[in-house]
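upload.txt (compact mmCIF, C-alpha atoms) appears below.
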```
# COMPACT_ATOMS: atom_id res chain seq x y z
CA MET S 770 -66.62 39.20 258.51
CA LYS S 771 -65.20 35.66 258.68
CA LEU S 772 -64.74 34.21 262.16
CA GLU S 773 -61.12 33.89 263.32
CA PHE S 774 -60.25 30.25 263.92
CA ASP S 775 -57.43 28.27 265.49
CA LEU S 776 -56.65 24.90 263.86
CA SER S 777 -54.07 23.69 266.37
CA LEU S 778 -56.24 21.01 268.04
CA TYR S 779 -59.09 20.14 265.69
CA LEU S 780 -61.65 17.63 266.96
CA VAL S 781 -63.59 15.52 264.45
CA THR S 782 -66.47 13.80 266.19
CA ASP S 783 -67.62 10.20 265.86
CA SER S 784 -70.50 9.27 268.15
CA THR S 785 -69.87 5.54 267.64
CA MET S 786 -66.59 5.87 269.58
CA VAL S 787 -68.03 7.52 272.68
CA PRO S 788 -67.47 5.21 275.69
CA ALA S 789 -70.47 3.72 277.47
CA GLY S 790 -71.96 6.09 280.02
CA LYS S 791 -70.94 9.23 278.11
CA THR S 792 -72.76 11.30 275.49
CA LEU S 793 -71.43 13.02 272.40
CA ALA S 794 -72.21 16.41 273.90
CA GLU S 795 -70.37 15.61 277.14
CA THR S 796 -67.36 14.39 275.19
CA VAL S 797 -67.20 17.56 273.09
CA ASP S 798 -67.63 19.77 276.16
CA GLN S 799 -64.85 18.03 278.07
CA ALA S 800 -62.57 18.05 275.02
CA ILE S 801 -63.00 21.81 274.69
CA GLN S 802 -62.18 22.21 278.37
CA GLY S 803 -58.97 20.31 277.64
CA GLY S 804 -57.93 22.61 274.81
CA VAL S 805 -59.74 21.67 271.58
CA THR S 806 -59.79 24.81 269.41
CA ILE S 807 -62.25 23.87 266.66
CA VAL S 808 -64.89 21.14 266.25
CA GLN S 809 -66.16 19.33 263.16
CA LEU S 810 -69.42 17.45 263.68
CA ARG S 811 -69.28 14.30 261.55
CA GLU S 812 -72.32 12.02 261.70
CA LYS S 813 -72.27 9.94 258.54
CA SER S 814 -75.27 7.72 259.30
CA ALA S 815 -77.62 10.21 260.98
CA ASP S 816 -80.94 11.21 259.43
CA THR S 817 -81.31 14.89 258.63
CA GLY S 818 -83.63 15.63 261.56
CA ASP S 819 -81.42 13.82 264.04
CA PHE S 820 -78.31 15.46 262.63
CA ILE S 821 -79.81 18.94 263.03
CA ALA S 822 -80.89 18.18 266.60
CA THR S 823 -77.43 16.90 267.49
CA ALA S 824 -75.81 19.87 265.78
CA ARG S 825 -77.89 22.33 267.80
CA THR S 826 -76.92 20.60 271.05
CA VAL S 827 -73.24 20.65 270.18
CA GLN S 828 -73.48 24.23 268.92
CA SER S 829 -74.78 25.40 272.31
CA ILE S 830 -71.56 24.05 273.82
CA THR S 831 -69.14 25.40 271.20
CA ARG S 832 -70.68 28.87 271.15
CA LYS S 833 -70.47 29.17 274.92
CA ALA S 834 -66.74 28.42 274.62
CA SER S 835 -66.24 30.62 271.50
CA VAL S 836 -65.03 27.57 269.58
CA PRO S 837 -66.05 27.36 265.90
CA LEU S 838 -68.35 24.51 264.86
CA LEU S 839 -68.08 23.08 261.36
CA ILE S 840 -70.45 20.53 259.82
CA ASN S 841 -69.04 17.64 257.83
CA ASP S 842 -70.41 17.38 254.27
CA ARG S 843 -73.96 18.53 254.98
CA ILE S 844 -74.44 22.08 253.70
CA ASP S 845 -78.15 21.85 254.51
CA VAL S 846 -77.47 21.12 258.17
CA ALA S 847 -74.91 23.93 258.35
CA LEU S 848 -77.46 26.38 256.91
CA ALA S 849 -80.23 25.12 259.19
CA ILE S 850 -78.28 25.87 262.39
CA ASP S 851 -76.16 28.76 261.07
CA ALA S 852 -72.93 26.85 261.74
CA ASP S 853 -69.58 28.58 261.47
CA GLY S 854 -68.73 26.58 258.37
CA VAL S 855 -68.38 23.18 256.73
CA HIS S 856 -65.77 20.63 255.86
CA ILE S 857 -66.17 18.92 252.50
CA GLY S 858 -64.48 15.95 250.84
CA GLN S 859 -63.58 15.16 247.26
CA ASP S 860 -66.90 13.38 246.67
CA ASP S 861 -69.06 16.10 248.21
CA MET S 862 -70.49 19.33 246.82
CA PRO S 863 -67.87 21.30 244.84
CA LEU S 864 -66.13 24.06 246.75
CA SER S 865 -67.44 26.81 244.46
CA GLU S 866 -71.06 25.75 245.00
CA ALA S 867 -70.59 25.42 248.74
CA ARG S 868 -69.17 28.94 248.85
CA GLN S 869 -72.07 30.27 246.81
CA LEU S 870 -74.59 28.77 249.24
CA LEU S 871 -72.77 29.66 252.45
CA GLY S 872 -71.44 33.08 251.50
CA PRO S 873 -68.02 34.66 251.95
CA HIS S 874 -67.98 34.76 255.76
CA LYS S 875 -68.26 31.04 256.54
CA ILE S 876 -65.29 28.71 257.00
CA ILE S 877 -64.88 26.02 254.34
CA GLY S 878 -62.26 23.30 254.69
CA VAL S 879 -61.48 20.67 252.08
CA SER S 880 -60.07 17.14 252.42
CA VAL S 881 -57.13 16.51 250.07
CA GLN S 882 -54.84 13.55 249.57
CA THR S 883 -52.76 14.55 246.56
CA CYS S 884 -50.85 17.58 245.32
CA GLU S 885 -53.38 18.02 242.51
CA GLU S 886 -56.33 18.04 244.93
CA ALA S 887 -54.51 20.49 247.19
CA GLU S 888 -53.80 22.86 244.30
CA ILE S 889 -57.41 22.84 243.16
CA ALA S 890 -58.64 23.53 246.70
CA VAL S 891 -56.12 26.34 247.26
CA ARG S 892 -56.92 28.03 243.95
CA GLY S 893 -60.63 27.55 244.66
CA GLY S 894 -60.40 29.56 247.86
CA ALA S 895 -60.53 26.90 250.59
CA ASP S 896 -59.97 28.40 254.03
CA TYR S 897 -57.89 25.41 255.07
CA LEU S 898 -56.91 21.93 253.90
CA GLY S 899 -57.31 18.64 255.73
CA ILE S 900 -54.37 16.60 254.37
CA GLY S 901 -54.57 12.85 254.88
CA THR S 902 -54.30 10.24 255.69
CA CYS S 903 -51.14 10.31 257.75
CA TYR S 904 -51.36 6.85 259.34
CA SER S 905 -53.82 4.00 258.92
CA THR S 906 -57.22 4.61 260.48
CA ASN S 907 -60.58 2.88 260.74
CA THR S 908 -62.56 6.08 261.24
CA LYS S 909 -63.04 6.82 257.54
CA ALA S 910 -62.70 4.95 254.23
CA VAL S 911 -60.03 6.55 252.02
CA LYS S 912 -59.05 6.11 248.38
CA VAL S 913 -55.35 6.76 248.98
CA GLY S 914 -53.53 4.72 251.62
CA PRO S 915 -51.57 6.16 254.55
CA GLN S 916 -48.88 8.55 253.36
CA GLY S 917 -46.90 9.01 256.56
CA PRO S 918 -45.53 12.41 257.60
CA ALA S 919 -43.28 12.52 254.51
CA GLY S 920 -46.28 12.21 252.19
CA ILE S 921 -48.18 14.84 254.14
CA ARG S 922 -45.18 17.15 253.85
CA ALA S 923 -45.07 16.72 250.06
CA VAL S 924 -48.71 17.76 249.69
CA TRP S 925 -48.26 20.62 252.17
CA GLU S 926 -45.21 21.99 250.37
CA HIS S 927 -47.07 21.94 247.07
CA ALA S 928 -50.01 23.75 248.63
CA LEU S 929 -47.66 26.43 249.93
CA LYS S 930 -46.04 26.73 246.51
CA VAL S 931 -49.33 27.45 244.73
CA SER S 932 -50.74 29.65 247.50
CA GLU S 933 -50.72 33.32 246.56
CA PRO S 934 -50.24 36.09 249.15
CA PRO S 935 -51.96 37.61 251.00
CA CYS S 936 -54.18 34.50 251.20
CA LYS S 937 -51.77 32.13 252.92
CA VAL S 938 -53.02 28.55 252.85
CA ARG S 939 -53.61 26.79 256.18
CA ALA S 940 -53.74 23.08 256.85
CA VAL S 941 -54.08 20.23 259.32
CA THR S 942 -53.30 16.58 258.90
CA ILE S 943 -55.55 13.70 259.92
CA GLY S 944 -55.35 9.95 260.27
CA GLY S 945 -53.95 7.96 263.18
CA VAL S 946 -52.51 10.99 264.95
CA ASN S 947 -52.37 10.64 268.74
CA GLN S 948 -50.51 11.79 271.84
CA TYR S 949 -47.58 9.49 271.10
CA ASN S 950 -46.85 10.73 267.59
CA VAL S 951 -48.32 14.23 267.25
CA ALA S 952 -45.08 16.11 267.98
CA HIS S 953 -43.20 13.90 265.50
CA VAL S 954 -45.87 14.41 262.82
CA LEU S 955 -45.84 18.20 263.17
CA ASN S 956 -42.03 18.33 263.10
CA TYR S 957 -41.56 15.91 260.20
CA ALA S 958 -44.34 17.39 258.06
CA CYS S 959 -42.92 20.89 258.43
CA ALA S 960 -42.02 22.32 255.02
CA VAL S 961 -38.41 22.83 253.96
CA ASN S 962 -38.90 26.62 254.18
CA GLY S 963 -39.81 26.25 257.86
CA THR S 964 -43.59 26.66 257.49
CA CYS S 965 -45.35 24.12 259.67
CA LEU S 966 -48.88 22.75 259.59
CA ASP S 967 -51.40 24.79 261.55
CA GLY S 968 -52.51 21.81 263.59
CA VAL S 969 -53.77 18.25 263.67
CA ALA S 970 -57.24 16.76 263.34
CA ILE S 971 -58.00 14.15 265.99
CA VAL S 972 -60.78 11.58 266.13
CA SER S 973 -60.32 8.42 268.23
CA ALA S 974 -57.57 9.76 270.50
CA ILE S 975 -60.18 12.07 272.03
CA MET S 976 -63.57 10.60 271.13
CA ALA S 977 -62.74 7.14 272.50
CA ALA S 978 -60.79 8.40 275.52
CA PRO S 979 -62.16 7.63 279.01
CA ASP S 980 -61.35 11.25 279.93
CA PRO S 981 -61.59 13.53 276.87
CA ARG S 982 -60.41 16.56 278.84
CA LEU S 983 -57.16 14.88 279.89
CA ALA S 984 -56.69 13.47 276.38
CA ALA S 985 -57.03 16.94 274.86
CA GLN S 986 -54.69 18.42 277.46
CA GLY S 987 -52.05 15.82 276.67
CA LEU S 988 -52.33 16.52 272.96
CA GLN S 989 -52.09 20.27 273.51
CA GLN S 990 -48.93 19.79 275.56
CA GLN S 991 -47.36 17.77 272.76
CA ILE S 992 -48.44 20.35 270.16
CA SER S 993 -46.91 23.13 272.26
CA THR S 994 -43.62 21.20 272.44
CA ALA S 995 -43.65 20.67 268.67
CA ARG S 996 -44.24 24.37 268.08
CA GLN S 997 -41.05 25.16 270.00
CA THR S 998 -38.85 22.64 268.18
CA SER S 999 -40.23 22.46 264.63
CA GLY S 1000 -39.03 24.48 261.68
CA LEU S 1001 -35.60 25.46 260.42
CA ARG S 1002 -32.59 25.07 262.73
CA PRO S 1003 -30.80 28.26 263.77
CA LYS S 1004 -27.40 28.94 262.24
CA TYR S 1005 -24.42 28.23 264.54
CA ASP S 1006 -20.71 28.72 264.07
CA ILE S 1007 -18.09 26.15 265.06
CA ASP S 1008 -17.04 28.13 268.16
CA HIS S 1009 -20.57 28.07 269.57
CA VAL S 1010 -20.90 24.33 268.98
CA SER S 1011 -17.46 23.62 270.46
CA GLN S 1012 -18.29 25.61 273.59
CA ARG S 1013 -21.58 23.76 274.08
CA VAL S 1014 -19.93 20.35 273.66
CA ALA S 1015 -17.09 21.29 276.01
CA ALA S 1016 -19.60 22.43 278.64
CA VAL S 1017 -21.42 19.09 278.52
CA PHE S 1018 -18.20 17.11 278.88
CA ALA S 1019 -17.07 19.35 281.74
CA GLN S 1020 -20.31 18.64 283.58
CA SER S 1021 -19.98 14.91 283.01
CA LYS S 1022 -16.43 14.92 284.42
CA THR S 1023 -17.52 16.66 287.60
CA GLY S 1024 -20.46 14.31 288.04
CA SER S 1025 -22.96 17.19 288.11
CA ILE S 1026 -24.97 15.36 285.45
CA THR S 1027 -25.31 11.60 285.13
CA PRO S 1028 -27.87 10.99 282.41
CA LEU S 1029 -29.66 7.65 282.46
CA VAL S 1030 -29.24 6.25 278.96
CA GLN S 1031 -31.31 3.30 277.81
CA HIS S 1032 -29.70 1.07 275.20
CA ILE S 1033 -31.48 -1.46 273.02
CA THR S 1034 -28.47 -2.60 271.11
CA ASN S 1035 -26.86 -5.57 269.45
CA SER S 1036 -25.44 -8.39 271.53
CA VAL S 1037 -21.94 -8.07 270.03
CA VAL S 1038 -21.24 -4.63 271.54
CA ILE S 1039 -23.56 -4.49 274.54
CA ASN S 1040 -20.73 -4.48 277.11
CA ASP S 1041 -18.76 -1.91 275.13
CA CYS S 1042 -21.78 0.39 274.96
CA ALA S 1043 -22.34 0.17 278.72
CA ASN S 1044 -18.67 0.86 279.49
CA ALA S 1045 -18.48 3.76 277.01
CA CYS S 1046 -21.58 5.32 278.56
CA LEU S 1047 -20.06 5.02 282.04
CA ALA S 1048 -16.75 6.48 280.86
CA LEU S 1049 -18.56 9.54 279.50
CA GLY S 1050 -20.34 10.15 282.79
CA GLY S 1051 -23.65 8.47 281.97
CA SER S 1052 -25.55 5.67 283.61
CA PRO S 1053 -26.49 2.88 281.16
CA ILE S 1054 -29.47 0.56 281.35
CA MET S 1055 -29.86 -2.29 278.88
CA ALA S 1056 -33.60 -3.01 278.64
CA ALA S 1057 -35.39 -4.35 275.58
CA ASP S 1058 -38.54 -6.07 276.83
CA VAL S 1059 -41.83 -4.57 275.63
CA GLU S 1060 -43.43 -4.78 279.06
CA GLU S 1061 -41.03 -2.41 280.82
CA GLN S 1062 -40.85 0.42 278.29
CA ALA S 1063 -43.72 2.51 279.70
CA ASP S 1064 -42.10 2.60 283.14
CA LEU S 1065 -38.56 3.21 281.91
CA ALA S 1066 -39.62 6.06 279.64
CA GLN S 1067 -40.60 8.09 282.68
CA VAL S 1068 -37.03 8.19 284.01
CA VAL S 1069 -34.53 7.72 281.17
CA ASN S 1070 -32.82 10.77 279.66
CA ALA S 1071 -31.99 9.28 276.25
CA LEU S 1072 -32.73 6.19 274.20
CA VAL S 1073 -30.15 4.53 271.93
CA ILE S 1074 -31.41 2.10 269.28
CA ASN S 1075 -28.92 -0.14 267.45
CA ILE S 1076 -30.29 -2.76 265.02
CA GLY S 1077 -27.04 -4.72 264.62
CA THR S 1078 -28.32 -8.16 265.66
CA LEU S 1079 -31.85 -7.70 264.44
CA ALA S 1080 -34.58 -9.98 265.80
CA THR S 1081 -38.36 -9.74 265.61
CA GLU S 1082 -38.92 -9.65 269.38
CA GLN S 1083 -36.21 -7.01 269.71
CA VAL S 1084 -37.89 -4.79 267.11
CA ALA S 1085 -41.12 -4.91 269.12
CA GLY S 1086 -39.26 -3.70 272.20
CA MET S 1087 -37.51 -0.99 270.20
CA ARG S 1088 -40.76 0.33 268.77
CA GLU S 1089 -42.47 0.39 272.15
CA ALA S 1090 -39.51 2.20 273.69
CA MET S 1091 -39.51 4.75 270.87
CA ARG S 1092 -43.25 5.28 271.19
CA HIS S 1093 -42.94 6.13 274.86
CA ALA S 1094 -39.80 8.18 274.30
CA ASN S 1095 -41.75 10.41 271.93
CA LEU S 1096 -44.46 10.85 274.55
CA HIS S 1097 -41.89 12.13 277.07
CA GLN S 1098 -39.82 14.10 274.50
CA THR S 1099 -36.84 11.87 275.25
CA PRO S 1100 -34.15 12.11 272.53
CA ILE S 1101 -33.73 9.00 270.38
CA ILE S 1102 -30.39 8.11 268.79
CA LEU S 1103 -30.70 5.59 265.96
CA ASP S 1104 -27.82 3.47 264.66
CA PRO S 1105 -29.22 1.77 261.52
CA VAL S 1106 -26.55 -0.93 261.34
CA ALA S 1107 -26.30 -2.53 257.89
CA VAL S 1108 -29.40 -0.76 256.60
CA GLY S 1109 -29.45 -1.29 252.87
CA ALA S 1110 -27.74 -4.68 253.19
CA THR S 1111 -31.12 -6.42 253.28
CA THR S 1112 -34.68 -5.48 252.34
CA HIS S 1113 -35.87 -6.35 255.85
CA ARG S 1114 -33.44 -3.96 257.55
CA MET S 1115 -34.42 -1.19 255.17
CA GLN S 1116 -38.10 -1.76 255.93
CA VAL S 1117 -37.53 -1.80 259.71
CA ILE S 1118 -35.65 1.51 259.59
CA ASP S 1119 -38.07 3.14 257.15
CA GLU S 1120 -40.95 2.31 259.48
CA MET S 1121 -39.10 3.57 262.55
CA ILE S 1122 -38.31 6.89 260.87
CA ARG S 1123 -41.90 7.17 259.60
CA ASP S 1124 -43.50 6.46 262.96
CA PHE S 1125 -41.18 8.03 265.53
CA GLY S 1126 -39.28 11.27 266.01
CA ILE S 1127 -35.54 10.56 265.75
CA CYS S 1128 -33.10 13.14 267.13
CA VAL S 1129 -29.84 11.67 265.79
CA ILE S 1130 -29.10 9.14 263.05
CA LYS S 1131 -25.54 7.81 263.15
CA GLY S 1132 -24.17 5.58 260.42
CA ASN S 1133 -21.27 4.86 258.10
CA ALA S 1134 -21.21 6.07 254.50
CA GLY S 1135 -23.02 2.99 253.18
CA GLU S 1136 -25.82 3.27 255.73
CA ILE S 1137 -26.27 6.98 255.09
CA ALA S 1138 -26.25 6.29 251.34
CA ALA S 1139 -29.10 3.81 251.80
CA LEU S 1140 -31.14 6.44 253.67
CA ALA S 1141 -30.34 9.04 251.01
CA GLY S 1142 -31.25 6.72 248.14
CA SER S 1143 -27.74 7.16 246.76
CA ALA S 1144 -25.89 4.56 244.69
CA GLU S 1145 -22.47 6.09 245.40
CA MET S 1146 -21.90 3.78 248.37
CA LYS S 1147 -23.21 0.30 249.19
CA MET S 1148 -23.39 -2.01 252.18
CA ARG S 1149 -21.59 -5.37 252.26
CA GLY S 1150 -22.78 -6.81 255.54
CA VAL S 1151 -21.91 -4.10 258.07
CA ASP S 1152 -19.17 -2.56 255.92
CA ALA S 1153 -19.51 0.41 253.59
CA VAL S 1154 -18.03 -0.22 250.14
CA GLY S 1155 -17.38 2.22 247.32
CA THR S 1156 -15.10 5.10 246.40
CA GLY S 1157 -16.95 7.63 248.57
CA PHE S 1158 -19.36 10.50 247.94
CA ALA S 1159 -18.53 13.21 245.45
CA ASP S 1160 -20.12 15.68 247.90
CA PRO S 1161 -20.46 14.17 251.39
CA VAL S 1162 -21.62 17.48 252.88
CA ALA S 1163 -24.59 17.59 250.50
CA VAL S 1164 -25.52 13.99 251.35
CA VAL S 1165 -25.58 14.40 255.13
CA LYS S 1166 -27.40 17.72 254.80
CA GLN S 1167 -30.00 16.11 252.52
CA VAL S 1168 -30.69 13.25 254.95
CA ALA S 1169 -30.86 15.64 257.91
CA LEU S 1170 -33.35 17.89 256.13
CA CYS S 1171 -35.40 14.95 254.91
CA HIS S 1172 -35.72 13.32 258.32
CA ARG S 1173 -35.67 16.50 260.46
CA CYS S 1174 -32.82 15.32 262.66
CA VAL S 1175 -29.09 15.48 263.21
CA VAL S 1176 -27.11 13.10 260.99
CA VAL S 1177 -23.66 11.82 261.92
CA MET S 1178 -21.76 10.04 259.14
CA THR S 1179 -18.65 8.26 260.41
CA GLY S 1180 -15.48 7.59 258.46
CA VAL S 1181 -11.95 8.89 258.05
CA VAL S 1182 -13.68 12.26 258.29
CA ASP S 1183 -16.87 12.42 260.36
CA TYR S 1184 -19.65 14.67 259.07
CA VAL S 1185 -22.35 16.11 261.32
CA SER S 1186 -25.37 18.05 260.03
CA ASP S 1187 -28.75 19.24 261.25
CA GLY S 1188 -29.71 20.41 257.76
CA THR S 1189 -28.62 23.99 258.44
CA ASN S 1190 -25.24 23.56 260.09
CA THR S 1191 -22.76 20.99 258.74
CA PHE S 1192 -19.34 20.24 260.22
CA ALA S 1193 -16.48 17.99 259.15
CA LEU S 1194 -14.39 16.44 261.94
CA LYS S 1195 -11.04 14.99 260.95
CA LYS S 1196 -9.52 12.45 263.32
CA HIS S 1197 -6.08 13.13 264.76
CA GLN S 1198 -3.52 10.51 263.79
```
Could you express the structure from this file as structure tokens?
Amino acid sequence: MKLEFDLSLYLVTDSTMVPAGKTLAETVDQAIQGGVTIVQLREKSADTGDFIATARTVQSITRKASVPLLINDRIDVALAIDADGVHIGQDDMPLSEARQLLGPHKIIGVSVQTCEEAEIAVRGGADYLGIGTCYSTNTKAVKVGPQGPAGIRAVWEHALKVSEPPCKVRAVTIGGVNQYNVAHVLNYACAVNGTCLDGVAIVSAIMAAPDPRLAAQGLQQQISTARQTSGLRPKYDIDHVSQRVAAVFAQSKTGSITPLVQHITNSVVINDCANACLALGGSPIMAADVEEQADLAQVVNALVINIGTLATEQVAGMREAMRHANLHQTPIILDPVAVGATTHRMQVIDEMIRDFGICVIKGNAGEIAALAGSAEMKMRGVDAVGTGFADPVAVVKQVALCHRCVVVMTGVVDYVSDGTNTFALKKHQ
């Protein structure tokens, strides 16, 4: 019978990353203590004898903890130590031959980078897929460049489509995933039908950490948070939403809540933003310098990013603030001012959405059109131009589903959508 296995926090080893004074075995042991659920031993340059010796040492640790041990590429090493399975790449032994040698009860995972590779692996009976690479990484040479969470999602959705019950496909993603972005990756890569990846494969964020146990614990905490927030949004009616909004405003009026809101915004409206925040019962702080973001992230309750007066040094501060906000699960509100008006603004916003978890995107019709890839509306400087969307509800819903966030499109009628629930708010004259 095949061993049950948990892919949620999947450690891929690399002995070259182990800090001075530590051993590979110590690192694996401490990582398991911190919450690693499965281990892949990857030693690309080791001789066969040395690889087997290392594998036996690591296996003594994983077996004691009831954590499966997989061997990267080397079927012979896996057979020699009776490992729990193997992980193979596109240039390694074919899946069918690996299964024939290992038998039906061993775990076999396959690295895939494209929809075609995923389909072949699923139909070939892979126990799980390793979809990559998500972000750029130096731990392994790859033929296909970083795909970002959106690219990972595309491959994952195709794998789900071709997977036939009762053999549901399972998968992790790999490549540049760490404590700062893991929750975002799991949320963004979640399929449109609500099926999320089974976990993430981690290399340097654990192997190179001074304290692998704490590193693994931090990652597990982020994964747990992502599990609670990823997937399809529940369905709400307008009365429920109205009651929740009214409750928040009532609290702000009484002073029972005074959220600290960090703004990195454009110089034209900085005073207005501060005064509006105060009027709504919040406490604003305007702080854009890279050096203070780690400290601020520990105390702020929300982060507002506005790219109106875009400058290179400001972008660096924005990205650092967003990185730390993700670590602390602090909601990020993004105002992509004039996105689509220039190639540079589009690139800045694309990279922010790729790299960080955004809770709310707020823009006018032209800005939302740019994010949707729609030609119905355009940007002329900061102004939206055009006759309007034929179906504005469909547009905001599409962008919300694509980017796994709430989208607010402002205009004569404001539209708000989380991809499941969409509301139109007409202004009173």
Atomic separation - CA of Arg825 in chain S relative to CA of Ile850 in chain S, Å: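 That distance, rounded to one decimal, is 6.5 Å.
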So which residues touch range 938-943 of chain S within 6 Å, counting all atoms listed in the file, skipping near sequence neighbours fewer than 3 positions away, as a PDB file with C-alpha atoms, in the coordinates of the input?
```pdb
ATOM      1  CA  TYR S 897     -57.890  25.410 255.070  1.00  0.00           C
ATOM      2  CA  LEU S 898     -56.910  21.930 253.900  1.00  0.00           C
ATOM      3  CA  GLY S 899     -57.310  18.640 255.730  1.00  0.00           C
ATOM      4  CA  ILE S 900     -54.370  16.600 254.370  1.00  0.00           C
ATOM      5  CA  GLY S 901     -54.570  12.850 254.880  1.00  0.00           C
ATOM      6  CA  THR S 902     -54.300  10.240 255.690  1.00  0.00           C
ATOM      7  CA  CYS S 903     -51.140  10.310 257.750  1.00  0.00           C
ATOM      8  CA  SER S 932     -50.740  29.650 247.500  1.00  0.00           C
ATOM      9  CA  LEU S 966     -48.880  22.750 259.590  1.00  0.00           C
ATOM     10  CA  ASP S 967     -51.400  24.790 261.550  1.00  0.00           C
ATOM     11  CA  GLY S 968     -52.510  21.810 263.590  1.00  0.00           C
ATOM     12  CA  VAL S 969     -53.770  18.250 263.670  1.00  0.00           C
ATOM     13  CA  ALA S 970     -57.240  16.760 263.340  1.00  0.00           C
TER      14      ALA S 970
END
```
Point-to-point distance in Å for CA of Glu1089 in chain S and CA of Asp1064 in chain S:
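These atoms are spaced 11.2 Å apart.
Minimum atom-to-atom distances from S:Ala919, S:Ile877, S:Ile1039, S:Ala1057 to Met862 in chain S were compared using all atoms listed in the file, and the lowest value belongs to S:Ile877.
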Next on the checklist: Report, in Å to a single decimal, how far apart CA of Met1178 in chain S and CA of His1093 in chain S are.
Outcome noted: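 Computing it gives 26.7 Å between the two atoms.
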| Is there a way to get, as an NGL selection string, all residues within 9 Å of the point (-70.6, 27.9, 256.4) in file coordinates, counting all atoms listed in the file? | :S and (839-840 or 844 or 847-848 or 851-856 or 867-868 or 870-877)
Using all atoms listed in the file, which residues of range 883-921 of chain S come within 10 Å of range 951-961 of chain S, and what is the closest atom pair for each, with the distance in Å to one decimal? Give it as a tab-separated table, sorted by chain and residue number.
```
residue	atom	partner	partner_atom	distance
S:Cys903	CA	S:Val954	CA	8.4
S:Tyr904	CA	S:Val954	CA	10.0
S:Gly917	CA	S:Val954	CA	8.3
S:Pro918	CA	S:Ala958	CA	5.1
S:Ala919	CA	S:Ala958	CA	6.1
S:Gly920	CA	S:Ala958	CA	8.1
S:Ile921	CA	S:Ala958	CA	6.1
```
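Every residue within 10 Å of the file position (-21.7, 6.0, 261.5), judged by only C-alpha atoms, is given as S:Asp1104, S:Pro1105, S:Val1106, S:Ile1130, S:Lys1131, S:Gly1132, S:Asn1133, S:Ala1134, S:Gly1135, S:Glu1136, S:Ile1137, S:Ala1153, S:Val1176, S:Val1177, S:Met1178, S:Thr1179, S:Gly1180, S:Asp1183, S:Tyr1184.
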Kindly export the residues of the current selection with C-alpha atoms, as a compact mmCIF listing (two decimals), in the coordinates of the input.
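Wrote again.txt, looks like this:
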```txt
# COMPACT_ATOMS: atom_id res chain seq x y z
CA ASP S 1104 -27.82 3.47 264.66
CA PRO S 1105 -29.22 1.77 261.52
CA VAL S 1106 -26.55 -0.93 261.34
CA ILE S 1130 -29.10 9.14 263.05
CA LYS S 1131 -25.54 7.81 263.15
CA GLY S 1132 -24.17 5.58 260.42
CA ASN S 1133 -21.27 4.86 258.10
CA ALA S 1134 -21.21 6.07 254.50
CA GLY S 1135 -23.02 2.99 253.18
CA GLU S 1136 -25.82 3.27 255.73
CA ILE S 1137 -26.27 6.98 255.09
CA ALA S 1153 -19.51 0.41 253.59
CA VAL S 1176 -27.11 13.10 260.99
CA VAL S 1177 -23.66 11.82 261.92
CA MET S 1178 -21.76 10.04 259.14
CA THR S 1179 -18.65 8.26 260.41
CA GLY S 1180 -15.48 7.59 258.46
CA ASP S 1183 -16.87 12.42 260.36
CA TYR S 1184 -19.65 14.67 259.07
```
Can you list, as a PyMOL selection string, every protein, DNA or RNA residue that comes within 6 Å of Cys1128 in chain S when you count all atoms listed in the file, leaving out same-chain residues fewer than 3 positions away? chain S and resi 1100-1102+1174
Using all atoms listed in the file, the shortest atom-to-atom distance to Ala923 in chain S among S:Arg892, S:Arg1123, S:Ala1139, S:Ala887 belongs to S:Ala887
Excluding Gly1051 in chain S and residues on its chain fewer than 5 positions from it, collect all residues at most 12 Å away from it, counting all atoms listed in the file, and give them as a list of chain:residue names.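 Once the adjacent positions are removed, what remains is S:Val1017, S:Phe1018, S:Gln1020, S:Ser1021, S:Lys1022, S:Thr1023, S:Gly1024, S:Ser1025, S:Ile1026, S:Thr1027, S:Pro1028, S:Leu1029, S:Val1030, S:Gln1031, S:His1032, S:Cys1042, S:Ala1043, S:Asn1044, S:Ala1045, S:Cys1046, S:Val1069, S:Asn1070, S:Ala1071.
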N, CA, C and O atoms are what I want for range 1124-1128 of chain S; can you complete it accordingly and write them as a PDB file, in the coordinates of the input?
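Just written: part-v4.pdb:
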```pdb
ATOM      1  N   ASP S1124     -42.584   6.486 261.813  1.00  0.00           N
ATOM      2  CA  ASP S1124     -43.500   6.460 262.960  1.00  0.00           C
ATOM      3  C   ASP S1124     -43.016   7.215 264.187  1.00  0.00           C
ATOM      4  O   ASP S1124     -43.837   7.581 265.040  1.00  0.00           O
ATOM      5  N   PHE S1125     -41.706   7.453 264.295  1.00  0.00           N
ATOM      6  CA  PHE S1125     -41.180   8.030 265.530  1.00  0.00           C
ATOM      7  C   PHE S1125     -40.224   9.187 265.230  1.00  0.00           C
ATOM      8  O   PHE S1125     -39.540   9.190 264.208  1.00  0.00           O
ATOM      9  N   GLY S1126     -40.186  10.139 266.158  1.00  0.00           N
ATOM     10  CA  GLY S1126     -39.280  11.270 266.010  1.00  0.00           C
ATOM     11  C   GLY S1126     -37.870  10.889 266.423  1.00  0.00           C
ATOM     12  O   GLY S1126     -37.621  10.587 267.589  1.00  0.00           O
ATOM     13  N   ILE S1127     -36.941  10.892 265.489  1.00  0.00           N
ATOM     14  CA  ILE S1127     -35.540  10.560 265.750  1.00  0.00           C
ATOM     15  C   ILE S1127     -34.757  11.857 265.906  1.00  0.00           C
ATOM     16  O   ILE S1127     -34.892  12.770 265.090  1.00  0.00           O
ATOM     17  N   CYS S1128     -33.922  11.936 266.933  1.00  0.00           N
ATOM     18  CA  CYS S1128     -33.100  13.140 267.130  1.00  0.00           C
ATOM     19  C   CYS S1128     -31.767  13.043 266.387  1.00  0.00           C
ATOM     20  O   CYS S1128     -31.305  14.027 265.812  1.00  0.00           O
TER      21      CYS S1128
END
```
